[in-house]
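K.L.:
Handing you a structure now.
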Amino acid sequence: MIIGKGKSIKDILAMIENHSKIIVAGCRGCVTVCAAGGEKEVGILSAALSLARGKDGKPIEIKEVTLERQCDSEYLESIRSFVDEYEAVVSIACGAGVQFMAEKFRKIPLYPGIDTNFIGVTEAQGVWTERCQACGDCKLHITGGICPISRCAKSLFNGPCGGSAKGKCEVNPEVDCGWQLIYDRLKELGKLDQLEIIIPINDWSNSRDGGPRKIIREDLTL
Amino acid sequence: MAGCMEGNCHYLTGNLRARKRVEYTKKILDEIGIGGERLEMYNMSAAQGPRFVEIANEMTERIKKLGPNPIKLAASTKSEEGAQKEREECFV
């Protein structure tokens with residue numbers, strides 16, 4: 001899922017400084033699971049903003065909404081009937097959700113209430129870690145299910161660099177060396193011979209280097 | 001906020017988790033200028049009457065020192081300003 005983290009309330013207060021009637025919009029998708037932008041966080045943020053503005057003698061009216069998803073038109077449409085009654089929207093969905101809402105409601109300023117960080121997993125309650133960089137050309141079948149792009153700081157394709165020491169990465173001693181993980185996993189699987197497969201130079205045009213990406217499934221389009 | 005003694009929670013770790021959430025709430029209160037020191041979590045058992053009194057007095061003293069909730073202050077200043085303005089307009 002997409003992992004995000006709430007922006008500081010001070011930053012959000014600065015964004016909405018000139019508004020007195022806003023919507024705080026959450027999303028029931030990924031950001032609910034990573035406790036950054038769900039219904040609960042909408043409530044906490046709205047209360048904090050309201051208290052802070054009350055203290056400054058500039059009360060603010062806040063409508064709290066949490067959409068099923070902000071990355072799908074049909075759910076965004078659910079706020080169309082009242083969105084124009086407000087001066088701005090603070091969206092605490094991921095960057096995709098904020099942008100899609102901005103595209104749909106062109107007359108109202110949209111402010112991001114969270115920072116979108118990475119595609120990752122819930123490693124333990126309250127702990128999320130990165131697993132995927134959406135490079136568009138998955139190689140997990142060669143590397144034992146561990147991604148050399150997201151798990152290696154240098155995104156090396158054919159073995160570790162000289163900075164790998166005692167299974168840890170030179171970038172941060174608390175971070176596992178991605179290639180150590182790959183080696184260990186292949187060993188567990190009895191497939192160490194896969195290390196001899198040379199992964200060729202990558203075609204990064206499938207990744208961000210090719211600009212914003214698009215997928216069209218002709219069988220699904222209307 | 002009062003919880004049972006650590007290790008004695010009916011919900012095992014409920015009071016430990018509550019403490020973490022109180023700390024988080026204090027951070028928010030600090031960030032928005034209300035003041036995290038207005039909230040505190042204490043652990044005590046039902047048999048600690050004198051300790052409860054001690055804590056109640058401690059918090060009362062602390063709150064008195066901190067003064068009224070700044071939101072109320074802002075609201076009353078504003079209403080006072082409004083009243084003053086009304087008075088001035090009456091004279092015009």
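Here, A, B, ... name the chains of the structure tokens in the order displayed, residue numbers run from 1 inside each chain, and ligands are numbered from 1 in the same displayed order.
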Once you count only C-alpha atoms, what closest atom pair and distance in Å to one decimal does each residue of chain B within 6 Å of chain A have, with rows by chain and rising residue number, as JSON lines?
P.N.:
```
{"residue": "B:Ile32", "atom": "CA", "partner": "A:Ala52", "partner_atom": "CA", "distance": 5.0}
{"residue": "B:Pro70", "atom": "CA", "partner": "A:Lys55", "partner_atom": "CA", "distance": 5.5}
{"residue": "B:Ile71", "atom": "CA", "partner": "A:Lys55", "partner_atom": "CA", "distance": 4.0}
{"residue": "B:Ala74", "atom": "CA", "partner": "A:Gly57", "partner_atom": "CA", "distance": 5.1}
```
K.L.:
Find the spatial neighbours of Gln99 in chain A, counting only C-alpha atoms, within a cut-off of 12 Å - ignore same-chain residues fewer than 2 positions away - and output them as a PyMOL selection string.
P.N.:
chain A and resi 70-73+76+89-97+101-106+109-112
K.L.:
Which residues, written as a ChimeraX atom specification, have at least one atom at most 10 Å from Cys4 in chain B, with only C-alpha atoms counted and residues fewer than 2 positions away on the same chain left out?
P.N.:
/B:2,6-10,14-16,42-46
K.L.:
Which parts of chain B does DSSP call strand (DSSP E) when run on the backbone here, written out as a list in words?
P.N.:
Ala2, Gly3, Tyr42 and Asn43 of chain B
K.L.:
Hey, what's within 12 Å of Arg213 in chain A if we count only C-alpha atoms and toss same-chain stuff fewer than 5 positions away? As a list in words, please?
P.N.:
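Returned residues: Ala134, Cys135, Gly136, Trp204, Ser205, Asn206, Ser207 and Arg208 of chain A.
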K.L.:
Find the residues around Thr66 in chain A up to 12 Å (only C-alpha atoms counted), leave out those fewer than 2 positions away in its own chain, and share them as a VMD selection string.
P.N.:
chain A and resid 23 to 29 31 to 32 37 to 43 63 to 64 68 to 70 75 to 76 78 to 79 90 to 93 97
K.L.:
Filtering to C-alpha atoms, could you give me those residues as a PDB file, in the first residue's frame?
P.N.:
```pdb
ATOM      1  CA  ILE A  23     -13.254  20.719   4.233  1.00  0.00           C
ATOM      2  CA  VAL A  24     -10.834  18.184   5.696  1.00  0.00           C
ATOM      3  CA  ALA A  25     -11.062  15.141   3.436  1.00  0.00           C
ATOM      4  CA  GLY A  26      -9.732  11.713   4.329  1.00  0.00           C
ATOM      5  CA  CYS A  27      -9.543   8.487   2.346  1.00  0.00           C
ATOM      6  CA  ARG A  28     -10.541   4.978   3.420  1.00  0.00           C
ATOM      7  CA  GLY A  29      -7.816   3.397   1.275  1.00  0.00           C
ATOM      8  CA  VAL A  31      -3.795   6.066   4.245  1.00  0.00           C
ATOM      9  CA  THR A  32      -6.415   4.683   6.615  1.00  0.00           C
ATOM     10  CA  GLY A  37      -5.401   9.960   6.463  1.00  0.00           C
ATOM     11  CA  GLY A  38      -8.410   7.911   7.546  1.00  0.00           C
ATOM     12  CA  GLU A  39     -11.578   8.951   9.330  1.00  0.00           C
ATOM     13  CA  LYS A  40      -9.831   8.985  12.700  1.00  0.00           C
ATOM     14  CA  GLU A  41      -7.052  11.246  11.437  1.00  0.00           C
ATOM     15  CA  VAL A  42      -9.640  13.547   9.819  1.00  0.00           C
ATOM     16  CA  GLY A  43     -11.200  13.969  13.261  1.00  0.00           C
ATOM     17  CA  LYS A  63     -16.517  19.936   7.512  1.00  0.00           C
ATOM     18  CA  GLU A  64     -15.120  16.456   7.999  1.00  0.00           C
ATOM     19  CA  GLU A  68     -14.091   5.555   0.081  1.00  0.00           C
ATOM     20  CA  ARG A  69     -11.113   6.421  -2.151  1.00  0.00           C
ATOM     21  CA  GLN A  70      -9.867   9.737  -3.477  1.00  0.00           C
ATOM     22  CA  TYR A  75     -16.184   8.639  -4.825  1.00  0.00           C
ATOM     23  CA  LEU A  76     -14.923  12.172  -5.438  1.00  0.00           C
ATOM     24  CA  SER A  78     -19.898  12.362  -3.587  1.00  0.00           C
ATOM     25  CA  ILE A  79     -18.715  15.771  -2.337  1.00  0.00           C
ATOM     26  CA  VAL A  90      -7.243  19.945   3.000  1.00  0.00           C
ATOM     27  CA  SER A  91      -6.913  16.425   1.672  1.00  0.00           C
ATOM     28  CA  ILE A  92      -5.121  13.843   3.756  1.00  0.00           C
ATOM     29  CA  ALA A  93      -5.161  11.242   1.002  1.00  0.00           C
ATOM     30  CA  GLY A  97      -5.779  11.477  -4.210  1.00  0.00           C
TER      31      GLY A  97
END
```
K.L.:
Please extract the residues of range 5-184 of chain A with a backbone DSSP assignment of helix (DSSP H, G or I) and present them as a tab-separated table (two decimals) with C-alpha atoms, in the first residue's frame.
P.N.:
```tsv
chain	number	residue	atom	x	y	z
A	9	ILE	CA	-0.16	21.09	12.08
A	10	LYS	CA	1.82	24.34	11.87
A	11	ASP	CA	2.43	23.76	8.14
A	12	ILE	CA	-1.24	23.06	7.54
A	13	LEU	CA	-2.28	26.09	9.58
A	14	ALA	CA	-0.02	28.22	7.37
A	15	MET	CA	-1.67	26.81	4.22
A	30	CYS	CA	-4.11	2.99	2.01
A	31	VAL	CA	-3.79	6.07	4.24
A	32	THR	CA	-6.42	4.68	6.62
A	33	VAL	CA	-4.32	1.55	7.10
A	39	GLU	CA	-11.58	8.95	9.33
A	40	LYS	CA	-9.83	8.98	12.70
A	41	GLU	CA	-7.05	11.25	11.44
A	42	VAL	CA	-9.64	13.55	9.82
A	43	GLY	CA	-11.20	13.97	13.26
A	44	ILE	CA	-7.89	14.56	15.05
A	45	LEU	CA	-6.62	17.04	12.46
A	46	SER	CA	-9.92	18.93	12.33
A	47	ALA	CA	-10.04	19.22	16.11
A	48	ALA	CA	-6.42	20.41	16.26
A	49	LEU	CA	-6.94	22.99	13.51
A	50	SER	CA	-10.13	24.20	15.10
A	51	LEU	CA	-8.49	24.56	18.54
A	52	ALA	CA	-5.45	26.33	17.12
A	53	ARG	CA	-7.55	28.80	15.17
A	54	GLY	CA	-9.79	29.40	18.18
A	55	LYS	CA	-6.72	30.22	20.25
A	73	SER	CA	-13.96	9.63	-9.74
A	74	GLU	CA	-17.18	8.13	-8.44
A	75	TYR	CA	-16.18	8.64	-4.82
A	76	LEU	CA	-14.92	12.17	-5.44
A	77	GLU	CA	-18.29	12.99	-6.98
A	78	SER	CA	-19.90	12.36	-3.59
A	79	ILE	CA	-18.71	15.77	-2.34
A	80	ARG	CA	-19.53	17.75	-5.49
A	81	SER	CA	-22.93	18.85	-4.17
A	82	PHE	CA	-21.41	20.86	-1.31
A	83	VAL	CA	-17.75	21.47	-2.15
A	95	GLY	CA	-0.49	12.57	-3.45
A	96	ALA	CA	-2.57	10.81	-6.11
A	97	GLY	CA	-5.78	11.48	-4.21
A	98	VAL	CA	-4.97	15.15	-3.63
A	99	GLN	CA	-4.14	15.66	-7.31
A	100	PHE	CA	-7.21	13.83	-8.55
A	101	MET	CA	-9.41	15.93	-6.33
A	102	ALA	CA	-7.69	19.08	-7.60
A	103	GLU	CA	-8.41	17.93	-11.18
A	104	LYS	CA	-12.08	17.31	-10.44
A	148	PRO	CA	17.20	-4.95	-5.41
A	149	ILE	CA	15.83	-1.57	-6.46
A	150	SER	CA	13.96	-0.71	-3.28
A	151	ARG	CA	15.98	-2.70	-0.74
A	178	GLY	CA	19.41	-5.75	0.22
A	179	TRP	CA	21.81	-8.13	-1.45
A	180	GLN	CA	22.53	-9.92	1.81
A	181	LEU	CA	18.76	-10.46	2.11
A	182	ILE	CA	18.64	-11.74	-1.46
A	183	TYR	CA	21.56	-14.12	-0.83
A	184	ASP	CA	20.01	-15.45	2.39
```
K.L.:
Kindly give the distance, in Å, that separates CA of Lys191 in chain A and CA of Gly144 in chain A, rounded to a single decimal.
P.N.:
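Interatomic distance here is 8.3 Å.
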K.L.:
Counting only C-alpha atoms, figure out which residue out of A:Glu123, A:Asp115, A:Glu196, A:Asp137 gets nearest to Lys7 in chain A.
P.N.:
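The answer is A:Asp115, which sits nearest to Lys7 in chain A.
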K.L.:
What is the distance between CA of Arg19 in chain B and CA of Gly36 in chain B, in Å to one decimal?
P.N.:
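Interatomic distance here is 13.3 Å.
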K.L.:
Find the spatial neighbours of Glu23 in chain B, counting only C-alpha atoms, within a cut-off of 10 Å - ignore same-chain residues fewer than 6 positions away - and output them as a list of chain:residue names.
P.N.:
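Once the adjacent positions are removed, what remains is B:Arg17, B:Leu29, B:Gly36, B:Leu39, B:Glu40, B:Met41.
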K.L.:
Find the residues near Arg38 in chain B: any atom within 9 Å, counting only C-alpha atoms, skip ones fewer than 2 places away on the same chain, and give them as a VMD selection string.
P.N.:
chain B and resid 26 29 34 to 36 40 59 62 to 63 66
K.L.:
Could you tell me how far CA of Ile201 in chain A sits from CA of Asp176 in chain A, in Å to one decimal place?
P.N.:
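So the two atoms, CA of Asp176 in chain A and CA of Ile201 in chain A, lie 24.0 Å apart.
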